[in-house]
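Peer 1: This is query02.pdb, which holds PDB, N, CA, C and O atoms:
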```pdb
ATOM      1  N   MET A   1      45.073  49.376  30.825
ATOM      2  CA  MET A   1      46.031  49.029  31.854
ATOM      3  C   MET A   1      46.086  50.123  32.909
ATOM      4  O   MET A   1      46.173  51.296  32.593
ATOM      5  N   GLY A   2      46.093  49.731  34.174
ATOM      6  CA  GLY A   2      46.176  50.673  35.276
ATOM      7  C   GLY A   2      47.608  51.078  35.552
ATOM      8  O   GLY A   2      48.555  50.454  35.074
ATOM      9  N   ARG A   3      47.714  52.107  36.307
ATOM     10  CA  ARG A   3      49.040  52.590  36.668
ATOM     11  C   ARG A   3      49.675  51.653  37.681
ATOM     12  O   ARG A   3      49.028  51.219  38.628
ATOM     13  N   GLN A   4      50.948  51.369  37.500
ATOM     14  CA  GLN A   4      51.675  50.496  38.416
ATOM     15  C   GLN A   4      52.030  51.289  39.678
ATOM     16  O   GLN A   4      52.354  52.478  39.591
ATOM     17  N   PRO A   5      51.977  50.654  40.855
ATOM     18  CA  PRO A   5      52.348  51.365  42.079
ATOM     19  C   PRO A   5      53.835  51.713  42.060
ATOM     20  O   PRO A   5      54.637  51.034  41.430
ATOM     21  N   ASN A   6      54.167  52.789  42.756
ATOM     22  CA  ASN A   6      55.574  53.181  42.857
ATOM     23  C   ASN A   6      56.335  52.127  43.647
ATOM     24  O   ASN A   6      55.818  51.592  44.639
ATOM     25  N   PRO A   7      57.560  51.829  43.240
ATOM     26  CA  PRO A   7      58.345  50.836  43.976
ATOM     27  C   PRO A   7      58.770  51.376  45.340
ATOM     28  O   PRO A   7      58.884  52.583  45.539
ATOM     29  N   ASN A   8      58.994  50.475  46.257
ATOM     30  CA  ASN A   8      59.438  50.812  47.604
ATOM     31  C   ASN A   8      60.959  50.816  47.640
ATOM     32  O   ASN A   8      61.603  49.949  47.064
ATOM     33  N   VAL A   9      61.544  51.799  48.313
ATOM     34  CA  VAL A   9      62.985  51.882  48.510
ATOM     35  C   VAL A   9      63.219  51.972  50.006
ATOM     36  O   VAL A   9      62.541  52.729  50.698
ATOM     37  N   SER A  10      64.183  51.213  50.501
ATOM     38  CA  SER A  10      64.435  51.275  51.944
ATOM     39  C   SER A  10      65.931  51.307  52.218
ATOM     40  O   SER A  10      66.739  50.908  51.385
ATOM     41  N   THR A  11      66.263  51.796  53.400
ATOM     42  CA  THR A  11      67.653  51.855  53.836
ATOM     43  C   THR A  11      67.678  51.892  55.359
ATOM     44  O   THR A  11      66.669  52.180  55.999
ATOM     45  N   ARG A  12      68.809  51.637  55.909
ATOM     46  CA  ARG A  12      68.994  51.741  57.355
ATOM     47  C   ARG A  12      69.690  53.066  57.649
ATOM     48  O   ARG A  12      70.565  53.499  56.896
ATOM     49  N   VAL A  13      69.283  53.703  58.736
ATOM     50  CA  VAL A  13      69.904  54.958  59.167
ATOM     51  C   VAL A  13      70.239  54.851  60.648
ATOM     52  O   VAL A  13      69.693  54.006  61.361
ATOM     53  N   SER A  14      71.089  55.734  61.098
ATOM     54  CA  SER A  14      71.470  55.736  62.512
ATOM     55  C   SER A  14      70.267  56.167  63.356
ATOM     56  O   SER A  14      69.351  56.833  62.860
ATOM     57  N   PRO A  15      70.263  55.811  64.628
ATOM     58  CA  PRO A  15      69.188  56.260  65.515
ATOM     59  C   PRO A  15      69.085  57.788  65.561
ATOM     60  O   PRO A  15      67.982  58.331  65.661
ATOM     61  N   GLU A  16      70.224  58.463  65.446
ATOM     62  CA  GLU A  16      70.210  59.927  65.459
ATOM     63  C   GLU A  16      69.471  60.482  64.242
ATOM     64  O   GLU A  16      68.683  61.414  64.360
ATOM     65  N   TRP A  17      69.729  59.907  63.054
ATOM     66  CA  TRP A  17      69.030  60.353  61.843
ATOM     67  C   TRP A  17      67.549  60.066  61.948
ATOM     68  O   TRP A  17      66.724  60.890  61.569
ATOM     69  N   LYS A  18      67.210  58.894  62.459
ATOM     70  CA  LYS A  18      65.787  58.541  62.599
ATOM     71  C   LYS A  18      65.081  59.537  63.508
ATOM     72  O   LYS A  18      63.979  59.999  63.208
ATOM     73  N   ALA A  19      65.728  59.898  64.609
ATOM     74  CA  ALA A  19      65.142  60.872  65.533
ATOM     75  C   ALA A  19      64.967  62.228  64.849
ATOM     76  O   ALA A  19      63.944  62.898  65.031
ATOM     77  N   LYS A  20      65.960  62.643  64.056
ATOM     78  CA  LYS A  20      65.862  63.919  63.345
ATOM     79  C   LYS A  20      64.726  63.896  62.320
ATOM     80  O   LYS A  20      63.975  64.868  62.193
ATOM     81  N   ILE A  21      64.607  62.800  61.595
ATOM     82  CA  ILE A  21      63.528  62.660  60.605
ATOM     83  C   ILE A  21      62.172  62.737  61.291
ATOM     84  O   ILE A  21      61.269  63.439  60.840
ATOM     85  N   GLU A  22      62.026  62.025  62.395
ATOM     86  CA  GLU A  22      60.762  62.036  63.127
ATOM     87  C   GLU A  22      60.463  63.416  63.709
ATOM     88  O   GLU A  22      59.312  63.844  63.730
ATOM     89  N   ALA A  23      61.495  64.117  64.167
ATOM     90  CA  ALA A  23      61.297  65.469  64.705
ATOM     91  C   ALA A  23      60.821  66.418  63.606
ATOM     92  O   ALA A  23      59.920  67.234  63.823
ATOM     93  N   ILE A  24      61.421  66.321  62.424
ATOM     94  CA  ILE A  24      60.990  67.154  61.301
ATOM     95  C   ILE A  24      59.546  66.832  60.941
ATOM     96  O   ILE A  24      58.734  67.732  60.712
ATOM     97  N   ALA A  25      59.223  65.551  60.907
ATOM     98  CA  ALA A  25      57.855  65.137  60.575
ATOM     99  C   ALA A  25      56.858  65.705  61.579
ATOM    100  O   ALA A  25      55.827  66.272  61.199
ATOM    101  N   THR A  26      57.160  65.592  62.851
ATOM    102  CA  THR A  26      56.274  66.107  63.894
ATOM    103  C   THR A  26      56.134  67.616  63.790
ATOM    104  O   THR A  26      55.029  68.162  63.848
ATOM    105  N   LYS A  27      57.248  68.288  63.610
ATOM    106  CA  LYS A  27      57.251  69.746  63.549
ATOM    107  C   LYS A  27      56.461  70.271  62.359
ATOM    108  O   LYS A  27      55.834  71.323  62.436
ATOM    109  N   THR A  28      56.480  69.539  61.252
ATOM    110  CA  THR A  28      55.836  70.005  60.031
ATOM    111  C   THR A  28      54.478  69.370  59.773
ATOM    112  O   THR A  28      53.843  69.671  58.765
ATOM    113  N   GLY A  29      54.049  68.488  60.663
ATOM    114  CA  GLY A  29      52.744  67.863  60.490
ATOM    115  C   GLY A  29      52.696  66.829  59.386
ATOM    116  O   GLY A  29      51.645  66.579  58.800
ATOM    117  N   ARG A  30      53.827  66.237  59.100
ATOM    118  CA  ARG A  30      53.894  65.205  58.066
ATOM    119  C   ARG A  30      54.347  63.901  58.697
ATOM    120  O   ARG A  30      54.698  63.856  59.863
ATOM    121  N   ASN A  31      54.346  62.846  57.911
ATOM    122  CA  ASN A  31      54.891  61.597  58.427
ATOM    123  C   ASN A  31      56.311  61.405  57.901
ATOM    124  O   ASN A  31      56.769  62.139  57.024
ATOM    125  N   SER A  32      57.023  60.440  58.439
ATOM    126  CA  SER A  32      58.419  60.218  58.065
ATOM    127  C   SER A  32      58.579  59.932  56.582
ATOM    128  O   SER A  32      59.540  60.392  55.955
ATOM    129  N   SER A  33      57.657  59.189  55.998
ATOM    130  CA  SER A  33      57.739  58.885  54.571
ATOM    131  C   SER A  33      57.670  60.143  53.721
ATOM    132  O   SER A  33      58.405  60.286  52.739
ATOM    133  N   GLN A  34      56.812  61.080  54.106
ATOM    134  CA  GLN A  34      56.716  62.330  53.361
ATOM    135  C   GLN A  34      57.999  63.142  53.472
ATOM    136  O   GLN A  34      58.450  63.732  52.490
ATOM    137  N   VAL A  35      58.591  63.168  54.652
ATOM    138  CA  VAL A  35      59.844  63.893  54.853
ATOM    139  C   VAL A  35      60.944  63.273  53.993
ATOM    140  O   VAL A  35      61.694  63.982  53.308
ATOM    141  N   LEU A  36      61.038  61.958  53.992
ATOM    142  CA  LEU A  36      62.069  61.280  53.209
ATOM    143  C   LEU A  36      61.836  61.464  51.711
ATOM    144  O   LEU A  36      62.789  61.668  50.949
ATOM    145  N   HIS A  37      60.584  61.408  51.281
ATOM    146  CA  HIS A  37      60.265  61.606  49.864
ATOM    147  C   HIS A  37      60.714  62.996  49.420
ATOM    148  O   HIS A  37      61.339  63.162  48.360
ATOM    149  N   GLU A  38      60.428  64.003  50.229
ATOM    150  CA  GLU A  38      60.834  65.360  49.890
ATOM    151  C   GLU A  38      62.357  65.491  49.870
ATOM    152  O   GLU A  38      62.917  66.149  48.985
ATOM    153  N   ALA A  39      63.036  64.876  50.826
ATOM    154  CA  ALA A  39      64.499  64.952  50.873
ATOM    155  C   ALA A  39      65.118  64.324  49.625
ATOM    156  O   ALA A  39      66.045  64.882  49.031
ATOM    157  N   ILE A  40      64.592  63.182  49.214
ATOM    158  CA  ILE A  40      65.103  62.530  48.004
ATOM    159  C   ILE A  40      64.811  63.389  46.778
ATOM    160  O   ILE A  40      65.674  63.566  45.910
ATOM    161  N   ALA A  41      63.617  63.951  46.707
ATOM    162  CA  ALA A  41      63.252  64.809  45.575
ATOM    163  C   ALA A  41      64.187  66.011  45.488
ATOM    164  O   ALA A  41      64.653  66.368  44.399
ATOM    165  N   LEU A  42      64.484  66.626  46.628
ATOM    166  CA  LEU A  42      65.409  67.759  46.640
ATOM    167  C   LEU A  42      66.799  67.341  46.168
ATOM    168  O   LEU A  42      67.443  68.033  45.381
ATOM    169  N   TYR A  43      67.268  66.205  46.637
ATOM    170  CA  TYR A  43      68.591  65.711  46.265
ATOM    171  C   TYR A  43      68.673  65.440  44.768
ATOM    172  O   TYR A  43      69.682  65.726  44.125
ATOM    173  N   LEU A  44      67.595  64.906  44.211
ATOM    174  CA  LEU A  44      67.565  64.563  42.785
ATOM    175  C   LEU A  44      67.182  65.741  41.895
ATOM    176  O   LEU A  44      67.171  65.608  40.674
ATOM    177  N   GLY A  45      66.844  66.865  42.505
ATOM    178  CA  GLY A  45      66.421  68.017  41.716
ATOM    179  C   GLY A  45      65.038  67.843  41.118
ATOM    180  O   GLY A  45      64.709  68.418  40.093
ATOM    181  N   GLU A  46      64.230  67.046  41.762
ATOM    182  CA  GLU A  46      62.878  66.734  41.281
ATOM    183  C   GLU A  46      61.836  67.387  42.175
ATOM    184  O   GLU A  46      60.989  66.726  42.751
ATOM    185  N   ASN A  47      61.880  68.677  42.291
ATOM    186  CA  ASN A  47      60.934  69.390  43.136
ATOM    187  C   ASN A  47      59.609  69.515  42.407
ATOM    188  O   ASN A  47      59.328  70.517  41.765
ATOM    189  N   ASP A  48      58.784  68.490  42.501
ATOM    190  CA  ASP A  48      57.489  68.531  41.831
ATOM    191  C   ASP A  48      56.466  69.263  42.693
ATOM    192  O   ASP A  48      56.766  69.726  43.785
ATOM    193  N   ALA A  49      55.277  69.380  42.171
ATOM    194  CA  ALA A  49      54.234  70.151  42.860
ATOM    195  C   ALA A  49      53.950  69.609  44.257
ATOM    196  O   ALA A  49      53.670  70.379  45.168
ATOM    197  N   SER A  50      54.030  68.306  44.446
ATOM    198  CA  SER A  50      53.709  67.755  45.764
ATOM    199  C   SER A  50      54.743  68.170  46.807
ATOM    200  O   SER A  50      54.393  68.506  47.921
ATOM    201  N   THR A  51      56.022  68.176  46.444
ATOM    202  CA  THR A  51      57.028  68.566  47.431
ATOM    203  C   THR A  51      57.011  70.067  47.650
ATOM    204  O   THR A  51      57.169  70.530  48.767
ATOM    205  N   VAL A  52      56.793  70.836  46.597
ATOM    206  CA  VAL A  52      56.708  72.287  46.751
ATOM    207  C   VAL A  52      55.486  72.651  47.575
ATOM    208  O   VAL A  52      55.536  73.514  48.440
ATOM    209  N   GLY A  53      54.370  71.957  47.351
ATOM    210  CA  GLY A  53      53.151  72.216  48.110
ATOM    211  C   GLY A  53      53.339  71.957  49.580
ATOM    212  O   GLY A  53      52.867  72.725  50.421
ATOM    213  N   VAL A  54      54.042  70.899  49.910
ATOM    214  CA  VAL A  54      54.297  70.577  51.319
ATOM    215  C   VAL A  54      55.177  71.656  51.932
ATOM    216  O   VAL A  54      54.937  72.125  53.037
ATOM    217  N   THR A  55      56.199  72.089  51.211
ATOM    218  CA  THR A  55      57.084  73.129  51.704
ATOM    219  C   THR A  55      56.327  74.440  51.888
ATOM    220  O   THR A  55      56.487  75.126  52.894
ATOM    221  N   LEU A  56      55.502  74.789  50.930
ATOM    222  CA  LEU A  56      54.711  76.011  51.029
ATOM    223  C   LEU A  56      53.766  75.945  52.221
ATOM    224  O   LEU A  56      53.646  76.911  52.980
ATOM    225  N   GLN A  57      53.121  74.806  52.437
ATOM    226  CA  GLN A  57      52.220  74.668  53.574
ATOM    227  C   GLN A  57      52.992  74.795  54.878
ATOM    228  O   GLN A  57      52.516  75.417  55.824
ATOM    229  N   ASP A  58      54.194  74.257  54.932
ATOM    230  CA  ASP A  58      55.029  74.391  56.125
ATOM    231  C   ASP A  58      55.340  75.860  56.401
ATOM    232  O   ASP A  58      55.243  76.326  57.539
ATOM    233  N   ILE A  59      55.675  76.603  55.360
ATOM    234  CA  ILE A  59      55.970  78.029  55.520
ATOM    235  C   ILE A  59      54.739  78.773  56.008
ATOM    236  O   ILE A  59      54.814  79.617  56.909
ATOM    237  N   LEU A  60      53.586  78.471  55.435
ATOM    238  CA  LEU A  60      52.351  79.129  55.856
ATOM    239  C   LEU A  60      52.015  78.807  57.311
ATOM    240  O   LEU A  60      51.594  79.689  58.063
ATOM    241  N   ASN A  61      52.224  77.562  57.714
ATOM    242  CA  ASN A  61      51.973  77.178  59.106
ATOM    243  C   ASN A  61      52.897  77.933  60.057
ATOM    244  O   ASN A  61      52.473  78.400  61.110
ATOM    245  N   ARG A  62      54.149  78.059  59.680
ATOM    246  CA  ARG A  62      55.110  78.774  60.520
ATOM    247  C   ARG A  62      54.763  80.261  60.600
ATOM    248  O   ARG A  62      54.858  80.865  61.658
ATOM    249  N   LEU A  63      54.360  80.831  59.475
ATOM    250  CA  LEU A  63      53.971  82.237  59.455
ATOM    251  C   LEU A  63      52.777  82.478  60.373
ATOM    252  O   LEU A  63      52.754  83.437  61.145
ATOM    253  N   GLU A  64      51.798  81.605  60.310
ATOM    254  CA  GLU A  64      50.626  81.733  61.180
ATOM    255  C   GLU A  64      51.028  81.664  62.650
ATOM    256  O   GLU A  64      50.547  82.447  63.471
ATOM    257  N   ALA A  65      51.941  80.751  62.988
ATOM    258  CA  ALA A  65      52.400  80.632  64.371
ATOM    259  C   ALA A  65      53.115  81.900  64.820
ATOM    260  O   ALA A  65      52.904  82.380  65.948
ATOM    261  N   VAL A  66      53.941  82.466  63.953
ATOM    262  CA  VAL A  66      54.643  83.706  64.290
ATOM    263  C   VAL A  66      53.654  84.845  64.487
ATOM    264  O   VAL A  66      53.780  85.645  65.429
ATOM    265  N   GLU A  67      52.649  84.932  63.624
ATOM    266  CA  GLU A  67      51.645  85.986  63.768
ATOM    267  C   GLU A  67      50.872  85.841  65.074
ATOM    268  O   GLU A  67      50.568  86.842  65.732
ATOM    269  N   GLN A  68      50.576  84.613  65.478
ATOM    270  CA  GLN A  68      49.879  84.394  66.747
ATOM    271  C   GLN A  68      50.767  84.796  67.918
ATOM    272  O   GLN A  68      50.296  85.414  68.877
ATOM    273  N   GLN A  69      52.043  84.479  67.840
ATOM    274  CA  GLN A  69      52.967  84.859  68.899
ATOM    275  C   GLN A  69      53.115  86.376  68.967
ATOM    276  O   GLN A  69      53.156  86.956  70.055
ATOM    277  N   GLN A  70      53.165  87.019  67.822
ATOM    278  CA  GLN A  70      53.271  88.474  67.772
ATOM    279  C   GLN A  70      52.038  89.122  68.408
ATOM    280  O   GLN A  70      52.152  90.090  69.167
ATOM    281  N   ALA A  71      50.871  88.594  68.126
ATOM    282  CA  ALA A  71      49.641  89.134  68.711
ATOM    283  C   ALA A  71      49.654  88.971  70.229
ATOM    284  O   ALA A  71      49.253  89.879  70.971
ATOM    285  N   ALA A  72      50.154  87.826  70.702
ATOM    286  CA  ALA A  72      50.226  87.588  72.141
ATOM    287  C   ALA A  72      51.197  88.564  72.801
ATOM    288  O   ALA A  72      50.941  89.075  73.899
ATOM    289  N   VAL A  73      52.316  88.826  72.159
ATOM    290  CA  VAL A  73      53.302  89.768  72.698
ATOM    291  C   VAL A  73      52.702  91.171  72.759
ATOM    292  O   VAL A  73      52.879  91.895  73.746
ATOM    293  N   LYS A  74      51.962  91.564  71.745
ATOM    294  CA  LYS A  74      51.321  92.876  71.745
ATOM    295  C   LYS A  74      50.349  93.015  72.917
ATOM    296  O   LYS A  74      50.282  94.061  73.558
ATOM    297  N   VAL A  75      49.607  91.964  73.206
ATOM    298  CA  VAL A  75      48.670  91.981  74.328
ATOM    299  C   VAL A  75      49.433  92.152  75.642
ATOM    300  O   VAL A  75      49.050  92.940  76.501
ATOM    301  N   LEU A  76      50.516  91.413  75.774
ATOM    302  CA  LEU A  76      51.312  91.508  77.009
ATOM    303  C   LEU A  76      51.933  92.896  77.161
ATOM    304  O   LEU A  76      51.999  93.438  78.267
ATOM    305  N   LEU A  77      52.393  93.475  76.074
ATOM    306  CA  LEU A  77      53.015  94.801  76.154
ATOM    307  C   LEU A  77      51.993  95.906  76.423
ATOM    308  O   LEU A  77      52.349  96.944  76.960
ATOM    309  N   ALA A  78      50.764  95.663  76.058
ATOM    310  CA  ALA A  78      49.712  96.682  76.259
ATOM    311  C   ALA A  78      49.257  96.753  77.710
ATOM    312  O   ALA A  78      48.584  97.690  78.083
ATOM    313  N   ARG A  79      49.640  95.795  78.501
ATOM    314  CA  ARG A  79      49.212  95.764  79.916
ATOM    315  C   ARG A  79      49.911  96.801  80.735
ATOM    316  O   ARG A  79      50.942  97.218  80.701
TER     317      ARG A  79
END
```
Could you write out this file's structure as structure tokens?
Peer 2:
Amino acid sequence: MGRQPNPNVSTRVSPEWKAKIEAIATKTGRNSSQVLHEAIALYLGENDASTVGVTLQDILNRLEAVEQQQAAVKVLLAR
């Protein structure tokens, strides 16, 4: 027997929440479903490897961006 697909869960949210979810998804390079899955996992205390991995990748991406900005500032200050 094969594994059964995960069931779908849906809800309605305000336009403001939808915009916030989409902004988080864009900022972190994920889609809205991934953001919602992680939020539910956090709420339920089910921080599995997939949600932790996404969070870790987000932190690494942010760190890289900060390091690039720091390098640019150093170049500007050296002028």
Peer 1: Please, what distance in Å, to one decimal, runs between atom O of Ala78 (chain A) and CA of Leu63 (chain A)?
Peer 2: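 Between atom O of Ala78 (chain A) and CA of Leu63 (chain A) the gap is 24.8 Å.
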Peer 1: Of the candidates A:Lys74, A:Arg62, A:Arg12, A:Arg3, which shows the shortest atom-to-atom distance to Lys27 (chain A), using only C-alpha atoms?
Peer 2: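 Counting only C-alpha atoms, the residue closest to Lys27 (chain A) is A:Arg62.
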Peer 1: Just so the selection is clear, what residues does the PyMOL selection byres ((chain A and resi 28) around 8) cover here, as a PyMOL selection string?
Peer 2: chain A and resi 21-27+29-31+54+57-59+61
Peer 1: Which value, in Å to one decimal, gives the distance between atom O of Gln69 (chain A) and atom N of Ser32 (chain A)?
Peer 2: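 Spanning atom O of Gln69 (chain A) to atom N of Ser32 (chain A) is a straight-line distance of 29.2 Å.
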